[in-house]
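File shown: data14.tsv (TSV, C-alpha atoms and all ligand atoms).
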chain	number	residue	atom	x	y	z
A	288	MET	CA	-18.51	-33.13	2.75
A	289	ASP	CA	-20.09	-30.86	5.32
A	290	LEU	CA	-18.56	-29.25	8.34
A	291	PRO	CA	-20.75	-30.10	11.35
A	292	GLY	CA	-22.83	-27.05	12.28
A	293	SER	CA	-22.17	-25.05	9.12
A	294	LEU	CA	-24.66	-22.81	7.32
A	295	LEU	CA	-24.41	-23.23	3.54
A	296	PRO	CA	-25.25	-21.70	1.15
A	297	THR	CA	-24.73	-18.41	2.98
A	298	PRO	CA	-27.27	-15.59	2.56
A	299	LEU	CA	-26.87	-12.75	0.07
A	300	HIS	CA	-28.39	-9.39	1.14
A	301	GLU	CA	-28.77	-6.16	-0.75
A	302	LEU	CA	-27.34	-3.07	0.97
A	303	SER	CA	-29.05	0.27	0.39
A	304	GLY	CA	-28.40	3.86	1.38
A	305	GLU	CA	-28.16	7.35	0.00
A	306	LEU	CA	-24.67	7.00	-1.44
A	307	ILE	CA	-25.47	3.68	-3.11
A	308	GLU	CA	-28.70	4.99	-4.65
A	309	LYS	CA	-27.08	8.21	-5.82
A	310	SER	CA	-24.33	6.31	-7.62
A	311	GLY	CA	-26.81	4.11	-9.49
A	312	ILE	CA	-25.13	0.82	-8.51
A	313	LYS	CA	-26.45	-2.27	-6.81
A	314	LEU	CA	-24.46	-3.56	-3.84
A	315	TYR	CA	-24.86	-6.95	-2.19
A	316	ILE	CA	-23.11	-8.55	0.76
A	317	LYS	CA	-22.33	-12.27	0.72
A	318	ARG	CA	-22.57	-13.41	4.33
A	319	ASP	CA	-19.73	-15.94	4.53
A	320	ASP	CA	-19.26	-14.70	8.11
A	321	LEU	CA	-22.30	-16.86	8.93
A	322	ILE	CA	-20.73	-20.15	7.74
A	323	HIS	CA	-19.65	-21.25	11.21
A	324	PRO	CA	-18.98	-19.72	14.64
A	325	THR	CA	-15.35	-20.85	14.81
A	326	VAL	CA	-14.34	-21.91	11.30
A	327	SER	CA	-14.25	-18.44	9.81
A	328	GLY	CA	-15.88	-17.77	6.40
A	329	ASN	CA	-13.29	-17.87	3.69
A	330	LYS	CA	-11.07	-20.15	5.77
A	331	TRP	CA	-13.65	-22.93	5.49
A	332	ARG	CA	-14.03	-22.31	1.75
A	333	LYS	CA	-10.25	-22.70	1.40
A	334	LEU	CA	-9.95	-25.70	3.74
A	335	LYS	CA	-12.76	-27.83	2.35
A	336	TYR	CA	-10.97	-29.41	-0.62
A	337	ASN	CA	-7.75	-29.67	1.34
A	338	LEU	CA	-9.56	-31.79	3.93
A	339	LEU	CA	-11.33	-33.83	1.24
A	340	GLN	CA	-7.99	-34.56	-0.39
A	341	ALA	CA	-6.43	-35.48	2.97
A	342	GLY	CA	-9.35	-37.87	3.59
A	343	LYS	CA	-8.94	-39.46	0.15
A	344	GLN	CA	-5.27	-40.08	0.89
A	345	ASN	CA	-6.17	-41.65	4.26
A	346	GLU	CA	-4.15	-39.00	6.03
A	347	THR	CA	-4.66	-38.70	9.78
A	348	THR	CA	-2.71	-35.52	10.50
A	349	LEU	CA	-2.83	-32.00	9.06
A	350	LEU	CA	0.07	-29.57	9.41
A	351	THR	CA	-0.17	-25.89	8.64
A	352	PHE	CA	1.40	-22.48	9.32
A	353	GLY	CA	0.32	-19.18	10.88
A	354	GLY	CA	1.01	-16.30	13.24
A	355	ALA	CA	-0.13	-16.18	16.87
A	356	PHE	CA	-3.36	-14.41	15.79
A	357	SER	CA	-4.01	-16.41	12.62
A	358	ASN	CA	-7.65	-16.97	11.62
A	359	HIS	CA	-6.41	-19.83	9.48
A	360	LEU	CA	-4.71	-21.69	12.38
A	361	PHE	CA	-7.89	-21.16	14.40
A	362	ALA	CA	-10.07	-22.55	11.59
A	363	THR	CA	-7.77	-25.51	10.88
A	364	ALA	CA	-7.69	-26.47	14.56
A	365	ALA	CA	-11.50	-26.33	14.82
A	366	ALA	CA	-12.31	-28.01	11.49
A	367	GLY	CA	-9.60	-30.64	11.92
A	368	ASN	CA	-10.83	-31.51	15.40
A	369	ALA	CA	-14.49	-31.63	14.28
A	370	MET	CA	-13.61	-33.93	11.39
A	371	GLY	CA	-11.32	-36.33	13.18
A	372	PHE	CA	-7.87	-35.15	12.07
A	373	LYS	CA	-4.91	-34.55	14.34
A	374	THR	CA	-3.52	-31.08	13.71
A	375	ILE	CA	-0.08	-29.49	13.98
A	376	GLY	CA	0.47	-25.74	13.85
A	377	ILE	CA	3.84	-24.21	12.98
A	378	VAL	CA	3.69	-20.78	14.62
A	379	ARG	CA	5.76	-17.78	13.63
A	380	GLY	CA	7.69	-16.08	16.42
A	381	GLU	CA	8.44	-16.80	20.04
A	382	ASP	CA	6.29	-18.92	22.37
A	383	TYR	CA	3.81	-16.55	23.98
A	384	GLY	CA	3.90	-18.58	27.22
A	385	GLN	CA	1.77	-17.03	29.95
A	386	ASN	CA	0.63	-14.37	27.51
A	387	GLU	CA	-0.55	-16.89	24.99
A	388	THR	CA	-2.94	-15.28	22.54
A	389	PRO	CA	-6.64	-16.25	22.61
A	390	THR	CA	-6.13	-17.78	19.16
A	391	LEU	CA	-3.35	-20.10	20.33
A	392	ARG	CA	-5.25	-20.99	23.49
A	393	PHE	CA	-8.22	-22.00	21.35
A	394	CYS	CA	-5.97	-24.03	19.04
A	395	ARG	CA	-4.60	-25.98	22.01
A	396	GLU	CA	-8.14	-26.56	23.32
A	397	GLN	CA	-8.92	-28.10	19.93
A	398	ASN	CA	-5.93	-30.44	20.46
A	399	MET	CA	-3.68	-28.74	17.94
A	400	SER	CA	-0.04	-29.36	18.71
A	401	LEU	CA	1.87	-26.08	18.42
A	402	HIS	CA	5.50	-25.67	17.38
A	403	PHE	CA	7.14	-22.28	17.55
A	404	VAL	CA	9.80	-21.35	15.03
A	405	SER	CA	11.94	-18.28	14.51
A	406	ARG	CA	10.93	-15.71	11.95
A	407	GLN	CA	13.84	-16.81	9.76
A	408	GLU	CA	12.68	-20.40	9.79
A	409	TYR	CA	9.07	-19.35	9.24
A	410	ARG	CA	10.13	-17.52	6.08
A	411	LEU	CA	11.07	-20.90	4.54
A	412	ARG	CA	7.45	-22.13	4.83
A	413	ASN	CA	6.98	-22.43	1.06
A	414	SER	CA	10.41	-23.83	0.19
A	415	GLU	CA	10.19	-27.41	-1.06
A	416	GLU	CA	13.37	-28.48	0.65
A	417	HIS	CA	12.20	-27.12	4.00
A	418	LEU	CA	8.79	-28.76	3.57
A	419	ARG	CA	10.46	-32.12	2.98
A	420	GLU	CA	12.41	-31.64	6.19
A	421	ILE	CA	9.26	-30.73	8.12
A	422	ALA	CA	7.39	-33.70	6.65
A	423	GLY	CA	10.14	-36.04	7.87
A	424	LYS	CA	10.23	-34.47	11.31
A	425	PHE	CA	6.45	-34.71	11.88
A	426	GLY	CA	5.73	-38.16	10.39
A	427	HIS	CA	4.66	-37.09	6.89
A	428	PRO	CA	1.44	-35.20	7.65
A	429	PHE	CA	-0.82	-33.60	5.03
A	430	ILE	CA	0.64	-30.12	4.62
A	431	ILE	CA	-1.64	-27.12	4.03
A	432	PRO	CA	0.13	-23.87	3.11
A	433	GLU	CA	-0.22	-20.65	5.13
A	434	GLY	CA	-3.73	-19.19	4.94
A	435	GLY	CA	-4.93	-22.48	3.42
A	436	THR	CA	-4.05	-20.90	0.10
A	437	SER	CA	-3.33	-23.56	-2.50
A	438	GLU	CA	-4.70	-24.91	-5.75
A	439	LEU	CA	-7.23	-26.90	-3.68
A	440	ALA	CA	-8.43	-23.69	-2.02
A	441	LEU	CA	-9.49	-22.11	-5.30
A	442	GLN	CA	-12.07	-24.82	-5.89
A	443	GLY	CA	-13.70	-24.19	-2.52
A	444	VAL	CA	-13.85	-20.45	-3.10
A	445	GLY	CA	-15.37	-21.17	-6.52
A	446	GLU	CA	-18.37	-22.69	-4.73
A	447	MET	CA	-19.07	-19.30	-3.16
A	448	VAL	CA	-19.20	-17.82	-6.67
A	449	LEU	CA	-21.64	-20.53	-7.80
A	450	GLU	CA	-23.88	-19.76	-4.81
A	451	VAL	CA	-23.93	-16.06	-5.69
A	452	GLU	CA	-24.75	-16.72	-9.35
A	453	LYS	CA	-27.70	-18.86	-8.27
A	454	GLN	CA	-28.90	-16.30	-5.73
A	455	LEU	CA	-28.62	-13.33	-8.12
A	456	ARG	CA	-29.63	-15.38	-11.18
A	457	LYS	CA	-26.71	-13.72	-12.98
A	458	SER	CA	-23.06	-12.87	-12.48
A	459	PRO	CA	-22.19	-9.60	-10.75
A	460	ASP	CA	-19.84	-7.17	-12.51
A	461	TYR	CA	-17.43	-7.23	-9.59
A	462	TYR	CA	-16.67	-9.06	-6.37
A	463	ALA	CA	-15.01	-7.05	-3.60
A	464	VAL	CA	-12.84	-8.97	-1.16
A	465	ALA	CA	-10.17	-8.34	1.48
A	466	ALA	CA	-6.77	-9.89	0.71
A	467	GLY	CA	-4.11	-11.35	2.99
A	468	THR	CA	-2.48	-14.11	0.95
A	469	GLY	CA	-4.76	-13.47	-2.04
A	470	GLY	CA	-6.14	-17.02	-2.12
A	471	THR	CA	-9.76	-15.91	-1.87
A	472	ALA	CA	-9.34	-13.32	-4.61
A	473	ALA	CA	-7.63	-15.96	-6.78
A	474	GLY	CA	-10.48	-18.41	-6.26
A	475	ILE	CA	-13.05	-15.89	-7.47
A	476	LEU	CA	-10.90	-14.83	-10.45
A	477	SER	CA	-10.38	-18.43	-11.50
A	478	SER	CA	-14.18	-18.80	-11.69
A	479	GLY	CA	-14.12	-16.14	-14.40
A	480	ALA	CA	-15.38	-13.21	-12.30
A	481	ASN	CA	-13.81	-9.76	-11.87
A	482	VAL	CA	-12.34	-8.96	-8.47
A	483	LEU	CA	-11.56	-5.81	-6.52
A	484	ALA	CA	-9.03	-6.95	-3.91
A	485	PHE	CA	-8.22	-4.72	-0.92
A	486	SER	CA	-4.90	-5.49	0.74
A	487	ALA	CA	-5.16	-5.75	4.53
A	488	LEU	CA	-1.42	-5.29	4.82
A	489	LYS	CA	1.01	-2.52	3.98
A	490	GLY	CA	3.06	-3.00	0.83
A	491	GLY	CA	0.41	-5.30	-0.63
A	492	GLY	CA	1.78	-4.88	-4.16
A	493	PHE	CA	3.24	-8.40	-4.01
A	494	LEU	CA	-0.33	-9.73	-4.10
A	495	GLU	CA	-0.60	-8.92	-7.80
A	496	SER	CA	2.02	-11.51	-8.80
A	497	ASP	CA	1.08	-13.99	-6.06
A	498	ILE	CA	-2.52	-13.97	-7.27
A	499	HIS	CA	-1.48	-14.28	-10.91
A	500	ASP	CA	0.72	-17.28	-10.04
A	501	LEU	CA	-2.26	-18.95	-8.37
A	502	ILE	CA	-4.65	-18.41	-11.30
A	503	LYS	CA	-2.15	-19.06	-14.10
A	504	PRO	CA	-3.15	-22.74	-14.53
A	505	HIS	CA	-6.78	-21.69	-15.12
A	506	GLY	CA	-8.25	-20.80	-18.49
A	507	ARG	CA	-10.96	-18.22	-18.03
A	508	ASN	CA	-9.84	-15.81	-15.36
A	509	GLY	CA	-11.56	-12.52	-14.55
A	510	ASN	CA	-9.80	-9.16	-14.21
A	511	LEU	CA	-8.07	-8.19	-10.98
A	512	SER	CA	-8.04	-4.64	-9.59
A	513	LEU	CA	-5.78	-4.51	-6.55
A	514	PHE	CA	-6.06	-1.65	-4.02
A	515	THR	CA	-3.12	-1.27	-1.65
A	516	ASP	CA	-3.89	2.07	0.04
A	517	TYR	CA	-6.57	1.00	2.53
A	518	HIS	CA	-4.29	-0.81	5.01
A	519	PHE	CA	-4.59	1.83	7.80
A	520	GLY	CA	-0.94	1.50	8.76
A	521	GLY	CA	-0.48	-2.23	8.16
A	522	TYR	CA	-1.60	-5.68	9.13
A	523	ALA	CA	-3.97	-5.57	12.13
A	524	LYS	CA	-3.24	-1.86	12.59
A	525	VAL	CA	-6.22	0.44	13.02
A	526	LYS	CA	-7.06	4.15	13.08
A	527	PRO	CA	-10.00	5.82	14.83
A	528	GLU	CA	-11.52	6.52	11.41
A	529	LEU	CA	-11.67	2.77	10.68
A	530	LEU	CA	-13.29	1.92	14.03
A	531	GLU	CA	-15.82	4.71	13.49
A	532	PHE	CA	-16.61	3.27	10.09
A	533	MET	CA	-17.19	-0.17	11.65
A	534	ASP	CA	-19.62	1.32	14.17
A	535	GLN	CA	-21.45	3.21	11.46
A	536	PHE	CA	-21.68	0.12	9.29
A	537	LYS	CA	-23.17	-1.80	12.20
A	538	ASN	CA	-25.67	0.98	12.89
A	539	ASN	CA	-26.71	1.25	9.25
A	540	TYR	CA	-26.92	-2.42	8.34
A	541	GLY	CA	-26.90	-4.37	11.59
A	542	ILE	CA	-23.84	-6.28	10.38
A	543	GLN	CA	-20.65	-6.61	12.42
A	544	LEU	CA	-17.32	-6.25	10.60
A	545	GLU	CA	-13.86	-6.88	12.09
A	546	GLN	CA	-10.96	-4.48	11.90
A	547	VAL	CA	-8.25	-6.68	10.35
A	548	TYR	CA	-9.80	-7.45	6.96
A	549	THR	CA	-13.47	-6.78	6.31
A	550	ALA	CA	-13.72	-3.22	7.69
A	551	LYS	CA	-10.77	-2.16	5.52
A	552	MET	CA	-12.37	-3.72	2.44
A	553	PHE	CA	-15.74	-2.03	3.00
A	554	PHE	CA	-14.06	1.29	3.82
A	555	GLY	CA	-12.16	1.10	0.52
A	556	LEU	CA	-15.23	0.00	-1.41
A	557	PHE	CA	-17.35	2.90	-0.12
A	558	ASP	CA	-14.50	5.25	-0.94
A	559	LEU	CA	-14.48	3.97	-4.54
A	560	ILE	CA	-18.25	4.41	-4.75
A	561	ARG	CA	-17.89	7.97	-3.49
A	562	ARG	CA	-15.24	8.63	-6.16
A	563	ASP	CA	-17.54	7.36	-8.94
A	564	PHE	CA	-15.27	4.42	-9.73
A	565	PHE	CA	-18.25	2.31	-10.85
A	566	PRO	CA	-20.30	2.88	-14.00
A	567	ARG	CA	-24.01	3.35	-13.24
A	568	GLY	CA	-25.84	0.05	-13.28
A	569	SER	CA	-22.84	-1.90	-11.92
A	570	ILE	CA	-23.64	-4.87	-9.71
A	571	ILE	CA	-21.13	-5.49	-6.92
A	572	VAL	CA	-20.99	-8.37	-4.47
A	573	ALA	CA	-18.86	-7.63	-1.41
A	574	VAL	CA	-17.82	-10.77	0.45
A	575	HIS	CA	-17.97	-10.72	4.25
A	576	THR	CA	-15.15	-13.23	4.71
A	577	GLY	CA	-15.78	-13.59	8.47
A	578	GLY	CA	-12.99	-13.36	11.03
A	579	LEU	CA	-15.37	-12.31	13.78
A	580	GLN	CA	-13.95	-14.81	16.27
A	581	GLY	CA	-10.86	-12.59	16.33
A	582	LEU	CA	-12.86	-9.50	17.21
A	583	LEU	CA	-13.06	-10.02	20.96
A	584	SER	CA	-9.32	-10.43	21.36
A	585	GLY	CA	-8.94	-7.09	19.62
A	586	ASP	CA	-6.92	-8.69	16.89
A	587	GLY	CA	-7.98	-11.19	14.28
A	588	ARG	CA	-4.85	-12.18	12.40
A	601	LIG	C1	-7.69	-14.72	6.09
A	601	LIG	C2	-8.77	-13.72	5.85
A	601	LIG	C3	-8.83	-12.94	4.68
A	601	LIG	C4	-7.76	-13.00	3.63
A	601	LIG	O1	-7.91	-14.11	2.79
A	601	LIG	P1	-6.76	-14.50	1.76
A	601	LIG	O2	-7.36	-15.62	1.00
A	601	LIG	O3	-5.57	-14.93	2.57
A	601	LIG	O4	-6.45	-13.31	0.94
A	601	LIG	C5	-9.89	-12.07	4.52
A	601	LIG	N1	-10.83	-11.94	5.48
A	601	LIG	C6	-10.81	-12.65	6.62
A	601	LIG	C7	-11.87	-12.44	7.62
A	601	LIG	C8	-9.78	-13.57	6.84
A	601	LIG	O5	-9.75	-14.27	7.99
So that I can check it, write out the structure of this file as structure tokens.
Amino acid sequence: MDLPGSLLPTPLHELSGELIEKSGIKLYIKRDDLIHPTVSGNKWRKLKYNLLQAGKQNETTLLTFGGAFSNHLFATAAAGNAMGFKTIGIVRGEDYGQNETPTLRFCREQNMSLHFVSRQEYRLRNSEEHLREIAGKFGHPFIIPEGGTSELALQGVGEMVLEVEKQLRKSPDYYAVAAGTGGTAAGILSSGANVLAFSALKGGGFLESDIHDLIKPHGRNGNLSLFTDYHFGGYAKVKPELLEFMDQFKNNYGIQLEQVYTAKMFFGLFDLIRRDFFPRGSIIVAVHTGGLQGLLSGDGR
């Protein structure tokens, strides 16, 4: 199954520079930001097998969850619309009304039907009882969890790992990836590769157990190193230092990052390189998970 207009496999480039050469490592960037202009990188990887499964079950409607800036809602609205599904978005928080976010405006343009719930109700999004209630209320749609993160998502992310192994003709020692729900990190781990996960939110320690729950059913998991100190104040929060880093990265490599996830990951990764975290000869693949459609609105959640 292909998403109309998608670029797959995505390119893998080597990044060079004084720091990288001095540390004796090899660093590559996997350009999943180039998958599609609106269905952001890792969100497509995570959606693919969800949509395939929905198709197999002859489902016509997808229902999922997200905040008013959610890259996942944005991607589900676009992919669902392109592939002939009706979509329903359960949105955390109050209706933004006149001040509707660019993300929600886009979702509506893609014919997603939006339903706003209180933060308390939103918190029940993974409870089975609540999901049964929602299913009844909305005519038994195909439900995709927040962030697209589910068992079906891991398989899609695993395809990214297969692409990299083909492109490098071997497995890297580490993948570096930004983490929100941890689904992308879990998908790589469950392919047997080692992952450095950089939490984009404050208090990201919960990711350790969430990720382990996701990979538990799999046999040959890689090792997870979770970094929780590169959040820059929290989810979608920034500091001048981070924005400067993004500018520098663009000047050095001609590649645009966004401030919510990928800039924090690369900032953390370069910090680890500077601190000699990696043995000489290490091969690292950093995944540009996309999210660039959120850049213009100044917020890509
Ligand atoms: C959603 C998102 C992530 C986080 O992915 P998880 O699988 O939820 O950890 C990382 N980068 C970008 C650009 C995203 O949109």
Shell of 9 Å around region 307-317 of chain A, all atoms listed in the file, local chain residues under 6 positions omitted, as a list in words |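 Final neighbour list, sorted by chain and number: Thr297, Pro298, Leu299, His300, Glu301, Met447, Val451, Phe557, Ile560, Arg561, Asp563, Phe565, Pro566, Arg567, Gly568, Ser569, Ile570, Ile571, Val572, Ala573, Val574, His575 and Thr576 of chain A.
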Dump as a PDB file, in the frame of the given file, selection limited to C-alpha atoms:
ATOM      1  CA  THR A 297     -24.730 -18.410   2.980  1.00  0.00           C
ATOM      2  CA  PRO A 298     -27.270 -15.590   2.560  1.00  0.00           C
ATOM      3  CA  LEU A 299     -26.870 -12.750   0.070  1.00  0.00           C
ATOM      4  CA  HIS A 300     -28.390  -9.390   1.140  1.00  0.00           C
ATOM      5  CA  GLU A 301     -28.770  -6.160  -0.750  1.00  0.00           C
ATOM      6  CA  MET A 447     -19.070 -19.300  -3.160  1.00  0.00           C
ATOM      7  CA  VAL A 451     -23.930 -16.060  -5.690  1.00  0.00           C
ATOM      8  CA  PHE A 557     -17.350   2.900  -0.120  1.00  0.00           C
ATOM      9  CA  ILE A 560     -18.250   4.410  -4.750  1.00  0.00           C
ATOM     10  CA  ARG A 561     -17.890   7.970  -3.490  1.00  0.00           C
ATOM     11  CA  ASP A 563     -17.540   7.360  -8.940  1.00  0.00           C
ATOM     12  CA  PHE A 565     -18.250   2.310 -10.850  1.00  0.00           C
ATOM     13  CA  PRO A 566     -20.300   2.880 -14.000  1.00  0.00           C
ATOM     14  CA  ARG A 567     -24.010   3.350 -13.240  1.00  0.00           C
ATOM     15  CA  GLY A 568     -25.840   0.050 -13.280  1.00  0.00           C
ATOM     16  CA  SER A 569     -22.840  -1.900 -11.920  1.00  0.00           C
ATOM     17  CA  ILE A 570     -23.640  -4.870  -9.710  1.00  0.00           C
ATOM     18  CA  ILE A 571     -21.130  -5.490  -6.920  1.00  0.00           C
ATOM     19  CA  VAL A 572     -20.990  -8.370  -4.470  1.00  0.00           C
ATOM     20  CA  ALA A 573     -18.860  -7.630  -1.410  1.00  0.00           C
ATOM     21  CA  VAL A 574     -17.820 -10.770   0.450  1.00  0.00           C
ATOM     22  CA  HIS A 575     -17.970 -10.720   4.250  1.00  0.00           C
ATOM     23  CA  THR A 576     -15.150 -13.230   4.710  1.00  0.00           C
TER      24      THR A 576
END
Dump the neighbourhood of ligand LIG 601 (chain A) as a PyMOL selection string: all residues within 7 Å, distances computed on all atoms listed in the file.
-> chain A and resi 327-330+358-359+434+436+465-472+548-549+576-578+588
Residue neighbourhood Gly492 (chain A), 12 Å, all atoms listed in the file, exclusion window fewer than 6 positions, as an MDAnalysis selection string | chainID A and resid 466:469 484:486 498 512:516 518
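If all atoms listed in the file are the atoms counted, then among A:Asp320, A:Glu305, A:Glu433, A:Glu387 the closest residue to Ser357 (chain A) is A:Glu433.
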Do you have the CA of Tyr461 (chain A)-CA of Asn510 (chain A) distance handy?
->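 These atoms are spaced 9.1 Å apart.
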Counting all atoms listed in the file, figure out which residue out of A:Leu455, A:Val404, A:Ala369, A:Leu321 gets nearest to Gln580 (chain A).
-> A:Leu321
Find the residue from A:Gln454, A:Leu439, A:Thr363, A:Phe429 that sits nearest to Ile502 (chain A); use all atoms listed in the file when measuring.
->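 For Ile502 (chain A), the nearest of the given residues is A:Leu439.
With all atoms listed in the file as the basis for measurement, A:Asn337 is the residue among A:Asn345, A:Asn337, A:Ser405, A:Asn481 that approaches Pro432 (chain A) most closely.
Of the residues listed (A:Ala480, A:Val448, A:Ala523, A:Ile375), A:Ala480 shows the shortest atom-to-atom separation from Arg507 (chain A); distances use only C-alpha atoms.
Note that CA of Gly443 (chain A) and CA of His499 (chain A) are 17.8 Å apart.
Atom pair CA of Phe519 (chain A) / CA of Phe536 (chain A) has a distance of 17.2 Å (rounded to one decimal).
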